[in-house]
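A.B. asks: Have a peek at my_file.cif (mmCIF, C-alpha atoms, pLDDT in the B column; chains and numbers go by the auth columns).
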data_query
#
loop_
_atom_site.group_PDB
_atom_site.id
_atom_site.type_symbol
_atom_site.label_atom_id
_atom_site.label_comp_id
_atom_site.label_asym_id
_atom_site.label_seq_id
_atom_site.Cartn_x
_atom_site.Cartn_y
_atom_site.Cartn_z
_atom_site.B_iso_or_equiv
_atom_site.auth_seq_id
_atom_site.auth_asym_id
ATOM 1 C CA MET A 1 12.986 16.237 6.041 58.00 1 A
ATOM 2 C CA GLY A 2 14.345 15.241 2.628 64.00 2 A
ATOM 3 C CA ALA A 3 17.008 12.804 3.839 79.00 3 A
ATOM 4 C CA LEU A 4 14.753 11.136 6.399 85.00 4 A
ATOM 5 C CA GLY A 5 11.536 11.217 4.371 84.00 5 A
ATOM 6 C CA PRO A 6 12.003 7.884 2.556 83.00 6 A
ATOM 7 C CA LEU A 7 12.972 6.195 5.828 84.00 7 A
ATOM 8 C CA LEU A 8 9.863 7.577 7.497 86.00 8 A
ATOM 9 C CA LEU A 9 7.599 6.306 4.713 86.00 9 A
ATOM 10 C CA ALA A 10 9.167 2.839 4.943 84.00 10 A
ATOM 11 C CA ASP A 11 8.844 2.644 8.741 85.00 11 A
ATOM 12 C CA GLY A 12 6.172 0.219 9.904 80.00 12 A
ATOM 13 C CA ARG A 13 5.642 2.427 12.960 83.00 13 A
ATOM 14 C CA LEU A 14 4.364 5.292 10.817 85.00 14 A
ATOM 15 C CA PRO A 15 1.242 6.426 12.726 87.00 15 A
ATOM 16 C CA VAL A 16 -1.309 5.968 9.964 89.00 16 A
ATOM 17 C CA GLY A 17 -3.166 2.899 11.207 86.00 17 A
ATOM 18 C CA ALA A 18 -1.292 0.394 9.018 83.00 18 A
ATOM 19 C CA TYR A 19 -1.118 -2.020 11.952 85.00 19 A
ATOM 20 C CA THR A 20 -4.816 -2.679 11.301 91.00 20 A
ATOM 21 C CA TYR A 21 -4.022 -4.008 7.799 94.00 21 A
ATOM 22 C CA SER A 22 -2.406 -7.349 6.887 95.00 22 A
ATOM 23 C CA ALA A 23 -2.052 -6.753 3.111 94.00 23 A
ATOM 24 C CA GLY A 24 -4.223 -9.771 2.436 94.00 24 A
ATOM 25 C CA LEU A 25 -2.459 -12.187 4.777 96.00 25 A
ATOM 26 C CA GLU A 26 -5.310 -12.738 7.248 97.00 26 A
ATOM 27 C CA PRO A 27 -7.849 -13.611 4.531 95.00 27 A
ATOM 28 C CA ALA A 28 -5.239 -15.882 2.939 96.00 28 A
ATOM 29 C CA VAL A 29 -4.590 -17.664 6.235 96.00 29 A
ATOM 30 C CA ALA A 30 -8.329 -18.119 6.732 94.00 30 A
ATOM 31 C CA ALA A 31 -8.416 -19.720 3.288 94.00 31 A
ATOM 32 C CA GLY A 32 -5.688 -22.189 4.273 95.00 32 A
ATOM 33 C CA LEU A 33 -2.359 -20.467 3.559 96.00 33 A
ATOM 34 C CA THR A 34 0.449 -21.884 5.704 97.00 34 A
ATOM 35 C CA ARG A 35 3.591 -20.267 7.092 97.00 35 A
ATOM 36 C CA ASP A 36 5.877 -21.838 4.521 96.00 36 A
ATOM 37 C CA GLN A 37 3.730 -20.297 1.766 97.00 37 A
ATOM 38 C CA VAL A 38 4.251 -16.699 2.950 98.00 38 A
ATOM 39 C CA PRO A 39 7.230 -16.106 0.595 98.00 39 A
ATOM 40 C CA ALA A 40 5.057 -17.167 -2.346 97.00 40 A
ATOM 41 C CA LEU A 41 2.348 -14.744 -1.223 97.00 41 A
ATOM 42 C CA LEU A 42 4.926 -11.964 -1.028 97.00 42 A
ATOM 43 C CA ARG A 43 6.119 -12.645 -4.561 97.00 43 A
ATOM 44 C CA ALA A 44 2.554 -12.773 -5.847 95.00 44 A
ATOM 45 C CA ARG A 45 1.705 -9.418 -4.294 96.00 45 A
ATOM 46 C CA LEU A 46 4.926 -7.862 -5.584 97.00 46 A
ATOM 47 C CA HIS A 47 3.918 -8.785 -9.122 96.00 47 A
ATOM 48 C CA THR A 48 0.316 -7.597 -8.734 96.00 48 A
ATOM 49 C CA THR A 49 -0.989 -5.219 -6.079 95.00 49 A
ATOM 50 C CA ALA A 50 2.378 -3.681 -5.190 97.00 50 A
ATOM 51 C CA VAL A 51 3.074 -2.620 -8.778 98.00 51 A
ATOM 52 C CA THR A 52 -0.301 -0.923 -9.140 97.00 52 A
ATOM 53 C CA GLU A 53 -0.062 0.877 -5.804 97.00 53 A
ATOM 54 C CA ALA A 54 3.557 1.956 -6.239 98.00 54 A
ATOM 55 C CA ALA A 55 2.810 3.261 -9.724 98.00 55 A
ATOM 56 C CA ALA A 56 -0.243 5.168 -8.457 98.00 56 A
ATOM 57 C CA ALA A 57 1.821 6.727 -5.664 98.00 57 A
ATOM 58 C CA VAL A 58 4.473 7.843 -8.159 98.00 58 A
ATOM 59 C CA LEU A 59 1.805 9.281 -10.460 98.00 59 A
ATOM 60 C CA ALA A 60 0.365 11.195 -7.492 98.00 60 A
ATOM 61 C CA LEU A 61 3.851 12.471 -6.661 98.00 61 A
ATOM 62 C CA ARG A 62 4.213 13.742 -10.225 98.00 62 A
ATOM 63 C CA ALA A 63 0.772 15.354 -10.061 98.00 63 A
ATOM 64 C CA ALA A 64 1.846 17.093 -6.868 98.00 64 A
ATOM 65 C CA GLY A 65 4.518 18.913 -8.867 95.00 65 A
ATOM 66 C CA GLN A 66 2.005 20.442 -11.261 96.00 66 A
ATOM 67 C CA ASP A 67 0.208 23.765 -10.915 93.00 67 A
ATOM 68 C CA PRO A 68 -2.586 23.415 -10.029 94.00 68 A
ATOM 69 C CA VAL A 69 -2.240 20.103 -8.212 96.00 69 A
ATOM 70 C CA ASP A 70 -4.929 17.661 -9.328 97.00 70 A
ATOM 71 C CA TYR A 71 -5.041 14.058 -8.161 98.00 71 A
ATOM 72 C CA GLY A 72 -8.382 13.347 -9.797 97.00 72 A
ATOM 73 C CA ARG A 73 -7.188 11.223 -12.723 98.00 73 A
ATOM 74 C CA VAL A 74 -4.867 9.150 -10.537 98.00 74 A
ATOM 75 C CA GLN A 75 -7.601 8.577 -7.953 98.00 75 A
ATOM 76 C CA GLN A 76 -10.129 7.549 -10.618 98.00 76 A
ATOM 77 C CA ALA A 77 -7.684 5.194 -12.315 98.00 77 A
ATOM 78 C CA LEU A 78 -6.794 3.549 -9.015 98.00 78 A
ATOM 79 C CA GLU A 79 -10.440 3.195 -7.994 97.00 79 A
ATOM 80 C CA ALA A 80 -11.178 1.467 -11.310 96.00 80 A
ATOM 81 C CA ARG A 81 -8.333 -0.957 -10.652 96.00 81 A
ATOM 82 C CA THR A 82 -9.527 -1.706 -7.112 95.00 82 A
ATOM 83 C CA PRO A 83 -12.900 -3.266 -7.932 91.00 83 A
ATOM 84 C CA VAL A 84 -13.508 -5.020 -4.600 94.00 84 A
ATOM 85 C CA ALA A 85 -15.301 -2.784 -2.099 95.00 85 A
ATOM 86 C CA PRO A 86 -13.538 -4.062 1.075 95.00 86 A
ATOM 87 C CA LEU A 87 -10.123 -3.350 -0.469 95.00 87 A
ATOM 88 C CA ARG A 88 -11.188 0.159 -1.508 96.00 88 A
ATOM 89 C CA ALA A 89 -12.523 0.755 1.996 96.00 89 A
ATOM 90 C CA ALA A 90 -9.270 -0.420 3.573 95.00 90 A
ATOM 91 C CA SER A 91 -7.239 1.800 1.258 97.00 91 A
ATOM 92 C CA THR A 92 -9.471 4.762 2.059 97.00 92 A
ATOM 93 C CA THR A 93 -9.085 4.178 5.793 96.00 93 A
ATOM 94 C CA LEU A 94 -5.297 4.018 5.482 96.00 94 A
ATOM 95 C CA GLY A 95 -5.310 7.024 3.167 97.00 95 A
ATOM 96 C CA ARG A 96 -7.122 8.993 5.845 97.00 96 A
ATOM 97 C CA GLY A 97 -4.310 8.226 8.260 96.00 97 A
ATOM 98 C CA VAL A 98 -1.661 9.310 5.767 97.00 98 A
ATOM 99 C CA HIS A 99 -3.603 12.504 5.049 97.00 99 A
ATOM 100 C CA ARG A 100 -3.814 13.284 8.748 97.00 100 A
ATOM 101 C CA LEU A 101 -0.057 12.844 9.106 96.00 101 A
ATOM 102 C CA ALA A 102 0.591 15.008 6.047 96.00 102 A
ATOM 103 C CA ARG A 103 -1.568 17.798 7.475 97.00 103 A
ATOM 104 C CA ARG A 104 0.418 17.639 10.704 96.00 104 A
ATOM 105 C CA LEU A 105 3.834 17.674 9.026 94.00 105 A
ATOM 106 C CA ALA A 106 3.211 20.132 6.183 96.00 106 A
ATOM 107 C CA PRO A 107 -0.229 21.737 6.562 96.00 107 A
ATOM 108 C CA GLY A 108 0.393 24.515 4.045 96.00 108 A
ATOM 109 C CA HIS A 109 2.100 22.481 1.328 97.00 109 A
ATOM 110 C CA PRO A 110 0.172 22.634 -1.994 97.00 110 A
ATOM 111 C CA ALA A 111 0.434 18.844 -2.402 98.00 111 A
ATOM 112 C CA VAL A 112 -1.191 18.319 0.994 98.00 112 A
ATOM 113 C CA LEU A 113 -3.844 20.997 0.574 98.00 113 A
ATOM 114 C CA ALA A 114 -4.949 19.408 -2.708 98.00 114 A
ATOM 115 C CA LEU A 115 -5.730 16.101 -0.965 97.00 115 A
ATOM 116 C CA SER A 116 -8.800 17.714 0.612 96.00 116 A
ATOM 117 C CA GLY A 117 -10.299 18.056 -2.865 95.00 117 A
ATOM 118 C CA VAL A 118 -10.119 14.344 -3.681 96.00 118 A
ATOM 119 C CA ARG A 119 -13.541 12.684 -3.716 92.00 119 A
ATOM 120 C CA PRO A 120 -14.768 10.669 -2.011 93.00 120 A
ATOM 121 C CA LYS A 121 -11.495 10.376 -0.051 96.00 121 A
ATOM 122 C CA PRO A 122 -7.933 9.763 -1.234 98.00 122 A
ATOM 123 C CA LEU A 123 -6.860 6.152 -1.472 98.00 123 A
ATOM 124 C CA ARG A 124 -3.625 5.336 0.326 97.00 124 A
ATOM 125 C CA PRO A 125 -1.261 5.488 -2.701 98.00 125 A
ATOM 126 C CA VAL A 126 -2.595 8.926 -3.646 98.00 126 A
ATOM 127 C CA ALA A 127 -2.118 10.197 -0.106 98.00 127 A
ATOM 128 C CA LEU A 128 1.372 8.676 0.001 97.00 128 A
ATOM 129 C CA GLY A 129 2.267 10.510 -3.192 98.00 129 A
ATOM 130 C CA ALA A 130 1.199 13.785 -1.620 98.00 130 A
ATOM 131 C CA LEU A 131 3.080 13.072 1.588 97.00 131 A
ATOM 132 C CA GLY A 132 6.136 12.100 -0.434 96.00 132 A
ATOM 133 C CA ALA A 133 6.012 15.447 -2.222 97.00 133 A
ATOM 134 C CA ALA A 134 5.758 17.288 1.089 96.00 134 A
ATOM 135 C CA LEU A 135 8.762 15.364 2.435 95.00 135 A
ATOM 136 C CA GLY A 136 10.872 15.865 -0.681 94.00 136 A
ATOM 137 C CA VAL A 137 10.955 12.171 -1.551 95.00 137 A
ATOM 138 C CA GLY A 138 12.045 11.146 -5.064 95.00 138 A
ATOM 139 C CA GLU A 139 10.104 8.848 -7.375 97.00 139 A
ATOM 140 C CA GLU A 140 12.291 5.774 -6.945 97.00 140 A
ATOM 141 C CA GLU A 141 12.483 6.277 -3.194 96.00 141 A
ATOM 142 C CA LEU A 142 8.701 6.524 -2.983 97.00 142 A
ATOM 143 C CA ALA A 143 8.182 3.423 -5.128 97.00 143 A
ATOM 144 C CA TYR A 144 10.588 1.442 -2.950 97.00 144 A
ATOM 145 C CA ALA A 145 8.840 2.716 0.194 96.00 145 A
ATOM 146 C CA VAL A 146 5.462 1.498 -1.094 96.00 146 A
ATOM 147 C CA VAL A 147 6.893 -1.869 -2.110 97.00 147 A
ATOM 148 C CA TYR A 148 8.772 -2.329 1.150 96.00 148 A
ATOM 149 C CA ASP A 149 5.645 -1.367 3.077 94.00 149 A
ATOM 150 C CA GLU A 150 3.840 -4.215 1.329 95.00 150 A
ATOM 151 C CA LEU A 151 6.535 -6.633 2.463 96.00 151 A
ATOM 152 C CA GLN A 152 6.775 -5.445 6.043 95.00 152 A
ATOM 153 C CA THR A 153 2.979 -5.327 6.416 95.00 153 A
ATOM 154 C CA VAL A 154 2.609 -8.987 5.464 96.00 154 A
ATOM 155 C CA THR A 155 5.577 -10.146 7.546 96.00 155 A
ATOM 156 C CA SER A 156 4.516 -8.119 10.593 94.00 156 A
ATOM 157 C CA ALA A 157 1.011 -9.588 10.403 96.00 157 A
ATOM 158 C CA ALA A 158 2.548 -13.066 10.108 96.00 158 A
ATOM 159 C CA LEU A 159 3.987 -12.705 13.609 95.00 159 A
ATOM 160 C CA LYS A 160 0.406 -12.557 14.925 95.00 160 A
ATOM 161 C CA LEU A 161 -1.329 -14.906 12.519 96.00 161 A
ATOM 162 C CA LEU A 162 1.349 -17.538 11.903 96.00 162 A
ATOM 163 C CA PRO A 163 3.702 -17.393 14.905 92.00 163 A
ATOM 164 C CA GLY A 164 7.242 -18.588 14.405 94.00 164 A
ATOM 165 C CA ASP A 165 10.828 -17.372 14.422 95.00 165 A
ATOM 166 C CA PRO A 166 10.770 -13.557 13.915 93.00 166 A
ATOM 167 C CA LEU A 167 14.046 -13.841 11.995 96.00 167 A
ATOM 168 C CA ASP A 168 12.113 -15.565 9.223 96.00 168 A
ATOM 169 C CA SER A 169 10.646 -12.165 8.355 95.00 169 A
ATOM 170 C CA VAL A 170 14.110 -10.842 7.587 95.00 170 A
ATOM 171 C CA VAL A 171 14.868 -13.851 5.397 97.00 171 A
ATOM 172 C CA TRP A 172 11.562 -13.503 3.542 97.00 172 A
ATOM 173 C CA ILE A 173 12.056 -9.798 2.839 97.00 173 A
ATOM 174 C CA LEU A 174 15.648 -10.166 1.672 97.00 174 A
ATOM 175 C CA GLY A 175 14.656 -13.127 -0.480 97.00 175 A
ATOM 176 C CA ALA A 176 12.007 -10.987 -2.169 97.00 176 A
ATOM 177 C CA GLU A 177 14.516 -8.312 -3.248 97.00 177 A
ATOM 178 C CA PRO A 178 14.634 -9.285 -6.957 97.00 178 A
ATOM 179 C CA ASP A 179 10.843 -9.203 -7.163 98.00 179 A
ATOM 180 C CA ALA A 180 10.743 -5.919 -5.235 98.00 180 A
ATOM 181 C CA ALA A 181 13.234 -4.346 -7.645 98.00 181 A
ATOM 182 C CA ALA A 182 11.155 -5.556 -10.591 98.00 182 A
ATOM 183 C CA ALA A 183 8.016 -4.054 -9.039 98.00 183 A
ATOM 184 C CA VAL A 184 9.743 -0.692 -8.584 98.00 184 A
ATOM 185 C CA SER A 185 10.990 -0.691 -12.185 98.00 185 A
ATOM 186 C CA ALA A 186 7.517 -1.512 -13.479 98.00 186 A
ATOM 187 C CA ALA A 187 5.972 1.230 -11.343 98.00 187 A
ATOM 188 C CA LEU A 188 8.423 3.884 -12.504 98.00 188 A
ATOM 189 C CA ALA A 189 7.776 2.995 -16.143 98.00 189 A
ATOM 190 C CA VAL A 190 4.108 4.022 -15.881 98.00 190 A
ATOM 191 C CA ARG A 191 3.740 7.511 -17.333 97.00 191 A
ATOM 192 C CA THR A 192 0.011 8.308 -17.218 98.00 192 A
ATOM 193 C CA PRO A 193 -3.046 7.324 -15.155 98.00 193 A
ATOM 194 C CA ASP A 194 -4.555 5.735 -18.262 97.00 194 A
ATOM 195 C CA THR A 195 -1.677 3.264 -18.403 97.00 195 A
ATOM 196 C CA LEU A 196 -1.765 2.398 -14.705 98.00 196 A
ATOM 197 C CA PRO A 197 -1.533 -1.415 -14.691 96.00 197 A
ATOM 198 C CA ALA A 198 -4.574 -3.360 -13.525 93.00 198 A
ATOM 199 C CA ARG A 199 -2.609 -6.069 -11.768 85.00 199 A
ATOM 200 C CA THR A 200 -5.131 -7.698 -9.521 81.00 200 A
ATOM 201 C CA ALA A 201 -5.105 -11.139 -7.942 81.00 201 A
ATOM 202 C CA PRO A 202 -8.533 -12.826 -8.218 85.00 202 A
ATOM 203 C CA LEU A 203 -7.944 -15.073 -5.206 87.00 203 A
ATOM 204 C CA THR A 204 -6.953 -12.091 -3.055 89.00 204 A
ATOM 205 C CA GLU A 205 -10.115 -10.289 -4.101 91.00 205 A
ATOM 206 C CA ARG A 206 -12.315 -13.290 -3.333 93.00 206 A
ATOM 207 C CA TRP A 207 -10.625 -13.767 0.044 93.00 207 A
ATOM 208 C CA ALA A 208 -11.181 -10.076 0.837 93.00 208 A
ATOM 209 C CA LEU A 209 -14.912 -10.473 0.232 94.00 209 A
ATOM 210 C CA ASP A 210 -15.015 -13.552 2.455 93.00 210 A
ATOM 211 C CA HIS A 211 -12.992 -11.707 5.098 93.00 211 A
ATOM 212 C CA GLU A 212 -15.477 -8.832 5.203 92.00 212 A
ATOM 213 C CA ARG A 213 -18.177 -11.287 6.250 91.00 213 A
ATOM 214 C CA SER A 214 -16.034 -12.865 8.947 88.00 214 A
ATOM 215 C CA GLU A 215 -17.009 -12.167 12.545 83.00 215 A
ATOM 216 C CA ARG A 216 -13.584 -13.047 13.969 84.00 216 A
ATOM 217 C CA ARG A 217 -10.748 -11.034 12.477 90.00 217 A
ATOM 218 C CA LEU A 218 -7.777 -8.973 13.619 91.00 218 A
ATOM 219 C CA PHE A 219 -7.223 -6.870 10.476 94.00 219 A
ATOM 220 C CA LEU A 220 -9.244 -4.807 8.034 90.00 220 A
ATOM 221 C CA ALA A 221 -8.052 -6.885 5.086 90.00 221 A
#
Give the structure from the file, written as structure tokens.
C.D. replies:
Amino acid sequence: MGALGPLLLADGRLPVGAYTYSAGLEPAVAAGLTRDQVPALLRARLHTTAVTEAAAAVLALRAAGQDPVDYGRVQQALEARTPVAPLRAASTTLGRGVHRLARRLAPGHPAVLALSGVRPKPLRPVALGALGAALGVGEEELAYAVVYDELQTVTSAALKLLPGDPLDSVVWILGAEPDAAAAVSAALAVRTPDTLPARTAPLTERWALDHERSERRLFLA
């Protein structure tokens, strides 16, 4: 699974429920974001949320290589840097899907077994770190998978929320490459849970709270 593991993690069809998540696009659209502003949203998320989540996933991957495996500090640091309840809930829901997949692919792997001890439930980056360890994925590969997942989640949701030429998604993602590379470098530079960056976007958090109260929505957040 080593050679295909990074490709699997970066595949939008990964059966972990990610299709229910828009990475903040639906709340942004409800707040007035237009199609031509999607690239700006991508860049903003690559410099904020994506760095924190990619770094947390890499820290979880490193923790998975220890004996005993303990994700507690990574989970706590990530929870503290995800202060908005709807975003924590969405991450927990997606983490549950990743955990389920990990149990199916490598049920006896120490990195996967240790996920069951995370309380209350592993957030998505923590679960991705464990799955990455089970699949033999390297740190840089995992960070790129998390960052690319952020990009493809937003652009896939845009096809439903802001219909237009599907080829635009390709242009947007390729145009974001410098920012994606910077996000990966920043994530890999984080060495301990205590130094996990708290890169949050206040508008995204406010929109997430408004979105939770909405009665007409397609995505969790």
A.B. asks: Evaluated on this file, the PyMOL selection byres ((chain A and resi 149-161) around 9) picks out some residues - which ones are they, written as a ChimeraX atom specification?
C.D. replies: /A:9-12,18-19,21-26,29,35,38,41-42,45-46,49-50,144-148,162-166,168-170,172-173,176,180,218-219
A.B. asks: Pick out the residues sitting within 10 Å of Val51 (chain A), and hand them over as a list in words; count all atoms listed in the file, and ignore anything fewer than 5 positions along from it in its own chain.
C.D. replies: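 The residues that qualify are Arg45, Leu46, Ala56, Ala57, Ala143, Val146, Val147, Ala180, Ala182, Ala183, Val184, Ser185, Ala186, Ala187, Leu188, Val190, Leu196, Pro197, Ala198, Arg199 and Thr200 of chain A.
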A.B. asks: Tell me which residues the PyMOL selection byres ((chain A and resi 79-95) around 8) grabs here, as a ChimeraX atom specification.
C.D. replies: /A:16-18,21,75-78,96-99,121-128,197-200,205,208-209,212,220-221
A.B. asks: Between CA of His211 (chain A) and CA of Thr34 (chain A), what distance in Å does the model show, to one decimal?
C.D. replies: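 Computing the Euclidean distance for CA of His211 (chain A) and CA of Thr34 (chain A) yields 16.9 Å.
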A.B. asks: Give, as JSON, the centre coordinates and the x, y and z edge lengths in Å to one decimal for an axis-aligned box around all listed atoms of region 151-157 of chain A, padded by 6 Å on each side.
C.D. replies:
{"center_x": 3.9, "center_y": -7.7, "center_z": 6.5, "size_x": 17.8, "size_y": 16.8, "size_z": 20.1}
A.B. asks: May I have the residues within 9 Å of Leu59 (chain A) as a ChimeraX atom specification, using only C-alpha atoms and disregarding those fewer than 3 positions away in the same chain?
C.D. replies: /A:54-56,62-64,71,74,126,129,139,188,190-193,196
A.B. asks: If we count all atoms listed in the file, what is near Gly136 (chain A) at a cut-off of 12 Å, once residues fewer than 4 positions away on the same chain are taken out, given as a PyMOL selection string?
C.D. replies: chain A and resi 1-9+61-62+64-65+106+109+111+128-132+140-142
A.B. asks: Taking only C-alpha atoms into account, which of A:Thr20, A:Arg103, A:Leu14, A:Leu33 comes nearest Trp207 (chain A)?
C.D. replies: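 Selected residue with least distance to Trp207 (chain A): A:Leu33.
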A.B. asks: Report the distance between CA of Gly108 (chain A) and CA of Asp67 (chain A) in Å, rounded to one decimal place.
C.D. replies: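 Going from CA of Gly108 (chain A) over to CA of Asp67 (chain A), I get 15.0 Å.
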